[in-house]
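One file, input01.cif, is given below (mmCIF, C-alpha atoms).
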```cif
data_upload
#
loop_
_atom_site.group_PDB
_atom_site.id
_atom_site.type_symbol
_atom_site.label_atom_id
_atom_site.label_comp_id
_atom_site.auth_asym_id
_atom_site.auth_seq_id
_atom_site.Cartn_x
_atom_site.Cartn_y
_atom_site.Cartn_z
ATOM 1 C CA MET A 1 21.499 -11.245 -11.269
ATOM 2 C CA TRP A 2 20.148 -8.340 -9.206
ATOM 3 C CA MET A 3 18.891 -10.577 -6.417
ATOM 4 C CA GLN A 4 22.466 -11.684 -5.711
ATOM 5 C CA LYS A 5 23.892 -8.184 -5.337
ATOM 6 C CA LYS A 6 24.789 -7.175 -1.798
ATOM 7 C CA TRP A 7 23.196 -3.716 -1.920
ATOM 8 C CA PHE A 8 20.005 -5.333 -3.097
ATOM 9 C CA LYS A 9 20.110 -7.915 -0.306
ATOM 10 C CA LEU A 10 20.469 -5.051 2.145
ATOM 11 C CA PHE A 11 17.415 -3.406 0.603
ATOM 12 C CA THR A 12 15.335 -6.590 0.905
ATOM 13 C CA TRP A 13 16.430 -6.989 4.531
ATOM 14 C CA TYR A 14 15.448 -3.369 5.195
ATOM 15 C CA VAL A 15 11.988 -3.775 3.680
ATOM 16 C CA THR A 16 11.485 -7.102 5.469
ATOM 17 C CA ALA A 17 12.556 -5.607 8.815
ATOM 18 C CA SER A 18 10.129 -2.704 8.346
ATOM 19 C CA PHE A 19 7.261 -5.163 7.832
ATOM 20 C CA PHE A 20 8.243 -7.119 10.936
ATOM 21 C CA PHE A 21 8.375 -3.824 12.840
ATOM 22 C CA ALA A 22 4.878 -2.925 11.560
ATOM 23 C CA PHE A 23 3.525 -6.346 12.517
ATOM 24 C CA GLY A 24 5.247 -6.192 15.926
ATOM 25 C CA ALA A 25 3.871 -2.675 16.540
ATOM 26 C CA ILE A 26 0.340 -3.858 15.781
ATOM 27 C CA VAL A 27 0.558 -6.920 18.029
ATOM 28 C CA ILE A 28 2.184 -5.019 20.932
ATOM 29 C CA SER A 29 -0.264 -2.102 20.698
ATOM 30 C CA MET A 30 -3.283 -4.358 20.367
ATOM 31 C CA PHE A 31 -2.631 -6.582 23.365
ATOM 32 C CA ARG A 32 -0.961 -4.231 25.841
ATOM 33 C CA PHE A 33 -2.800 -2.221 28.507
ATOM 34 C CA GLY A 34 -3.986 1.282 27.862
ATOM 35 C CA PRO A 35 -4.117 3.732 26.267
ATOM 36 C CA THR A 36 -3.084 5.735 29.324
ATOM 37 C CA GLU A 37 -4.295 9.274 29.904
ATOM 38 C CA GLN A 38 -0.925 10.659 28.819
ATOM 39 C CA GLU A 39 -0.982 8.655 25.594
ATOM 40 C CA THR A 40 -4.495 9.851 24.812
ATOM 41 C CA MET A 41 -3.413 13.447 25.442
ATOM 42 C CA ASN A 42 -0.354 13.033 23.204
ATOM 43 C CA PHE A 43 -2.502 11.551 20.458
ATOM 44 C CA MET A 44 -5.111 14.304 20.709
ATOM 45 C CA MET A 45 -2.403 16.976 20.620
ATOM 46 C CA GLY A 46 -0.891 15.290 17.574
ATOM 47 C CA MET A 47 -4.308 15.326 15.882
ATOM 48 C CA MET A 48 -4.828 18.996 16.721
ATOM 49 C CA LYS A 49 -1.413 19.864 15.299
ATOM 50 C CA ALA A 50 -2.204 17.851 12.187
ATOM 51 C CA MET A 51 -5.380 19.885 11.638
ATOM 52 C CA GLU A 52 -3.299 23.069 11.474
ATOM 53 C CA THR A 53 -0.150 22.029 9.646
ATOM 54 C CA SER A 54 -0.734 18.910 7.586
ATOM 55 C CA LEU A 55 -2.667 18.011 4.452
ATOM 56 C CA MET A 56 -5.515 16.869 6.692
ATOM 57 C CA GLY A 57 -6.295 20.475 7.619
ATOM 58 C CA LEU A 58 -5.367 21.841 4.219
ATOM 59 C CA SER A 59 -7.750 19.469 2.438
ATOM 60 C CA MET A 60 -10.602 20.657 4.664
ATOM 61 C CA GLN A 61 -9.936 24.261 3.624
ATOM 62 C CA VAL A 62 -9.551 23.356 -0.046
ATOM 63 C CA LYS A 63 -12.807 21.395 -0.065
ATOM 64 C CA GLU A 64 -14.724 24.503 0.922
ATOM 65 C CA ASP A 65 -13.448 26.253 -2.222
ATOM 66 C CA ALA A 66 -16.253 26.736 -4.779
ATOM 67 C CA ASN A 67 -13.973 25.984 -7.767
ATOM 68 C CA VAL A 68 -12.828 22.694 -6.242
ATOM 69 C CA GLN A 69 -16.426 21.716 -5.490
ATOM 70 C CA ARG A 70 -17.380 22.442 -9.117
ATOM 71 C CA LEU A 71 -14.396 20.397 -10.330
ATOM 72 C CA VAL A 72 -15.394 17.450 -8.122
ATOM 73 C CA TYR A 73 -19.006 17.682 -9.365
ATOM 74 C CA GLU A 74 -17.884 17.666 -13.005
ATOM 75 C CA SER A 75 -15.445 14.823 -12.379
ATOM 76 C CA VAL A 76 -18.279 12.730 -10.940
ATOM 77 C CA GLN A 77 -20.294 13.353 -14.117
ATOM 78 C CA PHE A 78 -17.403 11.874 -16.115
ATOM 79 C CA ALA A 79 -16.784 8.989 -13.735
ATOM 80 C CA PHE A 80 -19.861 6.839 -14.434
ATOM 81 C CA PRO A 81 -19.671 6.863 -18.263
ATOM 82 C CA LEU A 82 -15.934 6.109 -18.015
ATOM 83 C CA LEU A 83 -16.665 3.265 -15.586
ATOM 84 C CA ALA A 84 -19.281 1.835 -17.971
ATOM 85 C CA ILE A 85 -16.875 2.085 -20.935
ATOM 86 C CA SER A 86 -14.065 0.394 -18.987
ATOM 87 C CA ILE A 87 -16.359 -2.457 -17.852
ATOM 88 C CA ALA A 88 -17.566 -2.931 -21.443
ATOM 89 C CA GLY A 89 -13.925 -2.885 -22.619
ATOM 90 C CA GLY A 90 -12.969 -5.473 -20.011
ATOM 91 C CA VAL A 91 -15.855 -7.769 -21.015
ATOM 92 C CA TYR A 92 -14.902 -7.359 -24.708
ATOM 93 C CA VAL A 93 -11.259 -8.264 -24.030
ATOM 94 C CA ARG A 94 -12.301 -11.208 -21.823
ATOM 95 C CA CYS A 95 -14.721 -12.559 -24.460
ATOM 96 C CA ARG A 96 -12.217 -12.233 -27.313
ATOM 97 C CA ARG A 97 -9.460 -14.049 -25.444
ATOM 98 C CA LYS A 98 -9.387 -17.745 -26.261
ATOM 99 C CA VAL A 99 -8.192 -19.454 -23.093
ATOM 100 C CA MET B 1 16.417 -5.384 -14.774
ATOM 101 C CA LYS B 2 12.906 -6.731 -15.313
ATOM 102 C CA PHE B 3 9.951 -4.359 -15.131
ATOM 103 C CA ASP B 4 7.852 -6.634 -12.892
ATOM 104 C CA PHE B 5 10.822 -7.028 -10.534
ATOM 105 C CA ILE B 6 11.148 -3.225 -10.108
ATOM 106 C CA LEU B 7 7.393 -2.896 -9.596
ATOM 107 C CA HIS B 8 7.401 -5.617 -6.925
ATOM 108 C CA TRP B 9 10.058 -3.930 -4.793
ATOM 109 C CA LEU B 10 8.698 -0.423 -5.297
ATOM 110 C CA TRP B 11 5.368 -1.817 -4.196
ATOM 111 C CA ALA B 12 6.901 -3.426 -1.100
ATOM 112 C CA LEU B 13 8.654 -0.185 -0.135
ATOM 113 C CA VAL B 14 5.551 1.979 -0.592
ATOM 114 C CA PHE B 15 3.339 -0.509 1.254
ATOM 115 C CA SER B 16 5.750 -0.623 4.199
ATOM 116 C CA ILE B 17 5.708 3.218 4.407
ATOM 117 C CA LEU B 18 1.909 3.185 4.206
ATOM 118 C CA ALA B 19 1.627 0.521 6.910
ATOM 119 C CA LEU B 20 3.924 2.306 9.378
ATOM 120 C CA SER B 21 2.458 5.788 8.845
ATOM 121 C CA GLY B 22 -1.088 4.399 8.903
ATOM 122 C CA ILE B 23 -0.591 2.471 12.131
ATOM 123 C CA ALA B 24 0.662 5.660 13.825
ATOM 124 C CA MET B 25 -2.727 7.277 13.078
ATOM 125 C CA ALA B 26 -4.842 4.261 14.110
ATOM 126 C CA GLY B 27 -5.351 5.439 17.702
ATOM 127 C CA ALA B 28 -3.802 6.493 20.987
ATOM 128 C CA LYS B 29 -2.445 2.991 21.560
ATOM 129 C CA TYR B 30 -0.576 3.057 18.248
ATOM 130 C CA GLY B 31 0.685 6.660 18.192
ATOM 131 C CA TRP B 32 4.078 5.744 19.703
ATOM 132 C CA VAL B 33 5.136 4.253 16.332
ATOM 133 C CA MET B 34 5.791 7.826 15.073
ATOM 134 C CA GLN B 35 6.165 9.613 18.419
ATOM 135 C CA TYR B 36 2.566 10.934 18.196
ATOM 136 C CA ASP B 37 3.591 13.131 15.234
ATOM 137 C CA ILE B 38 0.265 12.703 13.440
ATOM 138 C CA ALA B 39 0.908 15.654 11.092
ATOM 139 C CA THR B 40 4.006 13.983 9.594
ATOM 140 C CA ALA B 41 2.286 10.582 9.532
ATOM 141 C CA ASP B 42 -0.644 12.141 7.668
ATOM 142 C CA ILE B 43 1.522 13.815 5.014
ATOM 143 C CA VAL B 44 3.681 10.705 4.541
ATOM 144 C CA HIS B 45 0.578 8.489 4.320
ATOM 145 C CA ARG B 46 -1.136 10.683 1.727
ATOM 146 C CA LEU B 47 1.978 11.080 -0.439
ATOM 147 C CA ALA B 48 2.690 7.330 -0.313
ATOM 148 C CA ALA B 49 -0.988 6.661 -1.108
ATOM 149 C CA VAL B 50 -0.696 8.676 -4.334
ATOM 150 C CA VAL B 51 2.361 6.617 -5.368
ATOM 151 C CA TYR B 52 0.466 3.426 -4.377
ATOM 152 C CA VAL B 53 -2.475 4.319 -6.641
ATOM 153 C CA LEU B 54 -0.102 5.185 -9.502
ATOM 154 C CA LEU B 55 1.691 1.843 -9.100
ATOM 155 C CA THR B 56 -1.681 0.054 -9.118
ATOM 156 C CA VAL B 57 -2.680 1.799 -12.350
ATOM 157 C CA ILE B 58 0.699 0.918 -13.914
ATOM 158 C CA VAL B 59 0.387 -2.777 -12.928
ATOM 159 C CA ILE B 60 -3.195 -2.971 -14.255
ATOM 160 C CA LEU B 61 -2.189 -1.294 -17.554
ATOM 161 C CA TYR B 62 0.778 -3.661 -17.832
ATOM 162 C CA GLU B 63 -1.550 -6.650 -17.375
ATOM 163 C CA ILE B 64 -4.040 -5.286 -19.944
ATOM 164 C CA ILE B 65 -1.231 -4.825 -22.495
ATOM 165 C CA ARG B 66 -0.075 -8.390 -21.800
ATOM 166 C CA ILE B 67 -3.630 -9.710 -22.338
ATOM 167 C CA LEU B 68 -4.076 -7.746 -25.570
ATOM 168 C CA ARG B 69 -0.718 -9.000 -26.872
ATOM 169 C CA ARG B 70 -1.640 -12.547 -25.775
ATOM 170 C CA ASP B 71 1.597 -12.649 -23.826
ATOM 171 C CA LYS B 72 1.479 -15.826 -21.721
ATOM 172 C CA THR B 73 5.013 -15.710 -20.326
ATOM 173 C CA LYS B 74 5.181 -16.183 -16.558
ATOM 174 C CA LYS B 75 5.925 -13.060 -14.555
ATOM 175 C CA PRO B 76 6.815 -14.364 -11.082
ATOM 176 C CA TRP B 77 7.472 -10.882 -9.653
ATOM 177 C CA LEU B 78 4.211 -9.320 -10.788
ATOM 178 C CA VAL B 79 2.190 -7.977 -7.835
ATOM 179 C CA PHE B 80 -1.254 -8.984 -9.152
ATOM 180 C CA GLY B 81 -2.239 -12.391 -10.429
ATOM 181 C CA PRO B 82 -5.279 -14.513 -11.285
ATOM 182 C CA SER B 83 -4.899 -16.726 -8.198
ATOM 183 C CA GLY B 84 -3.148 -17.115 -4.851
ATOM 184 C CA TYR B 85 -1.322 -14.216 -3.223
ATOM 185 C CA GLY B 86 -1.524 -12.115 -6.416
ATOM 186 C CA LEU B 87 -5.324 -12.286 -6.349
ATOM 187 C CA PHE B 88 -5.366 -11.514 -2.613
ATOM 188 C CA THR B 89 -3.149 -8.462 -3.210
ATOM 189 C CA PHE B 90 -5.364 -7.285 -6.070
ATOM 190 C CA ILE B 91 -8.568 -7.491 -4.010
ATOM 191 C CA THR B 92 -7.057 -5.907 -0.885
ATOM 192 C CA THR B 93 -5.473 -3.123 -2.977
ATOM 193 C CA LEU B 94 -8.795 -2.188 -4.566
ATOM 194 C CA ILE B 95 -10.502 -2.132 -1.149
ATOM 195 C CA PHE B 96 -7.640 -0.034 0.282
ATOM 196 C CA ILE B 97 -7.904 2.492 -2.563
ATOM 197 C CA VAL B 98 -11.709 2.791 -2.456
ATOM 198 C CA THR B 99 -11.899 3.091 1.352
ATOM 199 C CA GLY B 100 -8.888 5.448 1.407
ATOM 200 C CA ALA B 101 -10.498 7.699 -1.200
ATOM 201 C CA VAL B 102 -13.745 7.838 0.805
ATOM 202 C CA ILE B 103 -11.809 8.744 3.979
ATOM 203 C CA TRP B 104 -9.819 11.418 2.133
ATOM 204 C CA LEU B 105 -12.806 12.997 0.358
ATOM 205 C CA PHE B 106 -15.605 12.720 2.914
ATOM 206 C CA MET B 107 -13.732 13.129 6.214
ATOM 207 C CA ASP B 108 -15.588 16.298 7.158
ATOM 208 C CA SER B 109 -18.785 15.976 5.132
ATOM 209 C CA ASN B 110 -20.033 12.404 5.667
ATOM 210 C CA HIS B 111 -19.034 11.078 9.079
ATOM 211 C CA ALA B 112 -20.974 7.795 8.775
ATOM 212 C CA ALA B 113 -19.223 6.842 5.528
ATOM 213 C CA THR B 114 -15.849 7.915 6.942
ATOM 214 C CA ALA B 115 -16.315 5.875 10.146
ATOM 215 C CA PHE B 116 -17.357 2.756 8.235
ATOM 216 C CA THR B 117 -14.541 2.961 5.671
ATOM 217 C CA LEU B 118 -11.992 3.793 8.394
ATOM 218 C CA TRP B 119 -13.020 0.599 10.207
ATOM 219 C CA ILE B 120 -12.570 -1.469 7.022
ATOM 220 C CA HIS B 121 -9.277 0.318 6.168
ATOM 221 C CA GLU B 122 -7.850 -0.365 9.637
ATOM 222 C CA LYS B 123 -8.894 -4.027 9.948
ATOM 223 C CA LEU B 124 -7.731 -4.728 6.404
ATOM 224 C CA THR B 125 -4.323 -3.246 7.301
ATOM 225 C CA TYR B 126 -3.885 -5.826 10.085
ATOM 226 C CA LEU B 127 -4.862 -8.617 7.701
ATOM 227 C CA ALA B 128 -2.596 -7.335 4.905
ATOM 228 C CA VAL B 129 0.447 -6.874 7.180
ATOM 229 C CA ALA B 130 -0.055 -10.381 8.627
ATOM 230 C CA SER B 131 -0.305 -11.741 5.083
ATOM 231 C CA VAL B 132 2.948 -9.972 4.143
ATOM 232 C CA ILE B 133 4.698 -11.705 7.066
ATOM 233 C CA TRP B 134 3.402 -15.018 5.715
ATOM 234 C CA HIS B 135 4.531 -14.019 2.194
ATOM 235 C CA ILE B 136 8.041 -13.183 3.509
ATOM 236 C CA TYR B 137 8.165 -16.541 5.307
ATOM 237 C CA MET B 138 7.220 -18.384 2.105
ATOM 238 C CA LYS B 139 9.842 -16.462 0.107
ATOM 239 C CA SER B 140 12.505 -16.320 2.833
ATOM 240 C CA HIS B 141 15.108 -17.862 0.496
ATOM 241 C CA ALA B 142 15.362 -14.374 -1.073
ATOM 242 C CA LEU B 143 16.905 -13.105 2.167
ATOM 243 C CA LYS B 144 19.879 -15.497 2.096
ATOM 244 C CA TRP B 145 23.124 -13.592 1.867
ATOM 245 C CA PRO B 146 25.107 -14.334 -1.349
ATOM 246 C CA LYS B 147 28.033 -16.692 -0.773
ATOM 247 C CA ASN B 148 31.502 -15.327 -1.329
ATOM 248 C CA LYS B 149 32.835 -17.499 -4.149
ATOM 249 C CA GLU B 150 36.482 -16.541 -3.601
ATOM 250 C CA ARG B 151 36.392 -17.452 0.091
ATOM 251 C CA LYS B 152 34.633 -20.683 -0.754
ATOM 252 C CA ALA B 153 37.323 -21.541 -3.318
ATOM 253 C CA ARG B 154 40.056 -21.282 -0.667
#
```

Target format structure tokens, applied to this file:
Amino acid sequence: MWMQKKWFKLFTWYVTASFFFAFGAIVISMFRFGPTEQETMNFMMGMMKAMETSLMGLSMQVKEDANVQRLVYESVQFAFPLLAISIAGGVYVRCRRKV
Amino acid sequence: MKFDFILHWLWALVFSILALSGIAMAGAKYGWVMQYDIATADIVHRLAAVVYVLLTVIVILYEIIRILRRDKTKKPWLVFGPSGYGLFTFITTLIFIVTGAVIWLFMDSNHAATAFTLWIHEKLTYLAVASVIWHIYMKSHALKWPKNKERKAR
């Protein structure tokens, strides 16, 4: 069984450790003092850099594109009928099922 | 290998990446998690979010196919379920996706909506990560290292 393989155990330990790190990071950050001036500066600089180089900045540029705006508008037109059809489909499946 | 088993661990991996990259962007107090490299955290978070949405769609389609086929076999590894932690994951996932989409799409056009959804997205992250710790505790038997049968035989 896969769960008994050593490489898989290592993987589960890795994922588990990452969650404990995430939880630890939240608790430490939440209850410690600060943020200090230096930390705020570092964070602001990181945000500024992100505006230039990451998808955050790129998405802002792309959203100003007229073709993308038209595509979003047309997608929204499709969204509500599709939502209604999927809800009706869900109700139909739920009603037909004999539980 | 079972399909629901693969989905479960892919899900865990993607969620852990999302949690760590998301925390790094939560504020100045949290930036140290990724050395204040917000640009990398942003790219990683968005790419992982796309995989997360795809996995959600796959799990929902899988469940719909199971319902249509009247398949009532138990799938203990399936991420979503009608009750318990599966239901909690389903509800939190939908809220994460909706709020994440609003943040992504309206970041520079609707600041009120972005601020509100960011608040929900952030607080829900703390709740979801805490719930994962509880989930790991409840399933901690999975972390036990396999016993070496040969050594045991001696």

field: Minimum-distance residue to chain A, chosen among B:Thr117, B:Ile97, B:Leu7, B:Ser109 (using all atoms listed in the file)
entry: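 Nearest to chain A: B:Ser109.
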
Judged by only C-alpha atoms, the minimum distance to chain A among B:Ala12, B:Leu94, B:Val53, B:Leu118 is found for B:Ala12

* To do: Considering only C-alpha atoms, return as a PyMOL selection string whatever protein or nucleic-acid residues lie within 12 Å of stretch 36-48 of chain B, sequence-local ones (same chain, fewer than 5 positions apart) excluded.
  => (chain A and resi 38-59) or (chain B and resi 10-31+53-55+97+100-101+103-105)

Between atom CA of B:Trp134 and atom CA of B:Thr92, measure the distance and give it in Å to one decimal.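 Answer for the atom CA of B:Trp134 to atom CA of B:Thr92 separation: 15.4 Å.
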
Please compute the atom CA of B:Phe116-atom CA of B:Phe96 distance, one decimal, in Å.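 These atoms are spaced 12.9 Å apart.
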
Selection: 6 Å around B:Phe80, all atoms listed in the file, excl. self and same-chain fewer than 6 positions, as a compact mmCIF listing (two decimals) with C-alpha atoms, in the frame of the given file:
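selection.txt was written with the following content:
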```txt
# COMPACT_ATOMS: atom_id res chain seq x y z
CA GLY B 86 -1.52 -12.12 -6.42
CA LEU B 87 -5.32 -12.29 -6.35
CA PHE B 90 -5.36 -7.28 -6.07
```

Q. Around (8.1, -9.6, 12.3) in the file's frame, which residues reach within 10 Å when counting all atoms listed in the file? Return as a ChimeraX atom specification?
A. /A:16-25,27 /B:129-130,132-134,136-137

Item to check | Atomic separation - atom CA of B:Met34 relative to atom CA of A:Ile26, Å | outcome: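 Computing the Euclidean distance for atom CA of A:Ile26 and atom CA of B:Met34 yields 12.9 Å.
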
For chain A, the nearest of the candidates B:Lys139, B:Tyr126, B:Tyr85, B:Val51, counting all atoms listed in the file:
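Closest candidate: B:Tyr126.
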
Option closest in space to B:Leu68, from A:Arg97, A:Arg70, A:Lys9, A:Arg32 [counting all atoms listed in the file]: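 Of all the options, A:Arg97 lies closest to B:Leu68.
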
Shortest contact to chain A, candidates B:Ile91, B:Thr99, B:Leu78, B:Ile60, atoms counted only C-alpha atoms, goes to B:Ile60

Listed atoms of stretch 6-22 of chain A boxed axis-aligned with 5 Å per side, centre + edges as JSON:
```
{"center_x": 14.8, "center_y": -5.3, "center_z": 4.9, "size_x": 29.9, "size_y": 15.2, "size_z": 25.9}
```

Return stretch 18-28 of chain B, completed with all heavy atoms, as a short mmCIF file (atom, residue, chain, number, x, y, z; two decimals), in the frame of the given file.
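In the end it all went to result.cif:
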```cif
data_model
loop_
_atom_site.label_atom_id
_atom_site.label_comp_id
_atom_site.auth_asym_id
_atom_site.auth_seq_id
_atom_site.Cartn_x
_atom_site.Cartn_y
_atom_site.Cartn_z
N LEU B 18 3.33 2.99 3.93
CA LEU B 18 1.91 3.18 4.21
C LEU B 18 1.49 2.50 5.50
O LEU B 18 0.74 3.06 6.30
CB LEU B 18 1.07 2.63 3.04
CG LEU B 18 0.92 3.53 1.83
CD1 LEU B 18 0.30 2.76 0.69
CD2 LEU B 18 0.07 4.74 2.15
N ALA B 19 2.00 1.28 5.71
CA ALA B 19 1.63 0.52 6.91
C ALA B 19 2.11 1.24 8.17
O ALA B 19 1.34 1.45 9.11
CB ALA B 19 2.22 -0.89 6.83
N LEU B 20 3.37 1.67 8.17
CA LEU B 20 3.92 2.31 9.38
C LEU B 20 3.27 3.66 9.67
O LEU B 20 2.92 3.95 10.81
CB LEU B 20 5.45 2.46 9.24
CG LEU B 20 6.21 1.14 9.37
CD1 LEU B 20 7.66 1.33 8.98
CD2 LEU B 20 6.14 0.60 10.78
N SER B 21 3.08 4.47 8.61
CA SER B 21 2.46 5.79 8.85
C SER B 21 0.98 5.64 9.18
O SER B 21 0.44 6.41 9.98
CB SER B 21 2.64 6.69 7.62
OG SER B 21 2.13 6.08 6.48
N GLY B 22 0.33 4.62 8.62
CA GLY B 22 -1.09 4.40 8.90
C GLY B 22 -1.32 3.91 10.31
O GLY B 22 -2.24 4.37 11.00
N ILE B 23 -0.45 3.01 10.77
CA ILE B 23 -0.59 2.47 12.13
C ILE B 23 -0.47 3.61 13.16
O ILE B 23 -1.21 3.64 14.14
CB ILE B 23 0.47 1.38 12.38
CG1 ILE B 23 0.12 0.12 11.58
CG2 ILE B 23 0.56 1.02 13.87
CD1 ILE B 23 1.29 -0.82 11.42
N ALA B 24 0.45 4.54 12.89
CA ALA B 24 0.66 5.66 13.82
C ALA B 24 -0.61 6.49 14.01
O ALA B 24 -0.79 7.13 15.05
CB ALA B 24 1.80 6.54 13.33
N MET B 25 -1.50 6.47 13.00
CA MET B 25 -2.73 7.28 13.08
C MET B 25 -3.93 6.46 13.55
O MET B 25 -5.04 6.99 13.64
CB MET B 25 -3.04 7.88 11.70
CG MET B 25 -2.05 8.93 11.27
SD MET B 25 -2.57 9.78 9.79
CE MET B 25 -2.26 8.55 8.53
N ALA B 26 -3.71 5.15 13.82
CA ALA B 26 -4.84 4.26 14.11
C ALA B 26 -5.48 4.53 15.47
O ALA B 26 -6.62 4.16 15.69
CB ALA B 26 -4.41 2.81 14.00
N GLY B 27 -4.77 5.16 16.38
CA GLY B 27 -5.35 5.44 17.70
C GLY B 27 -4.28 5.76 18.72
O GLY B 27 -3.09 5.69 18.43
N ALA B 28 -4.74 6.09 19.93
CA ALA B 28 -3.80 6.49 20.99
C ALA B 28 -2.83 5.37 21.35
O ALA B 28 -1.69 5.62 21.73
CB ALA B 28 -4.58 6.94 22.21
#
```
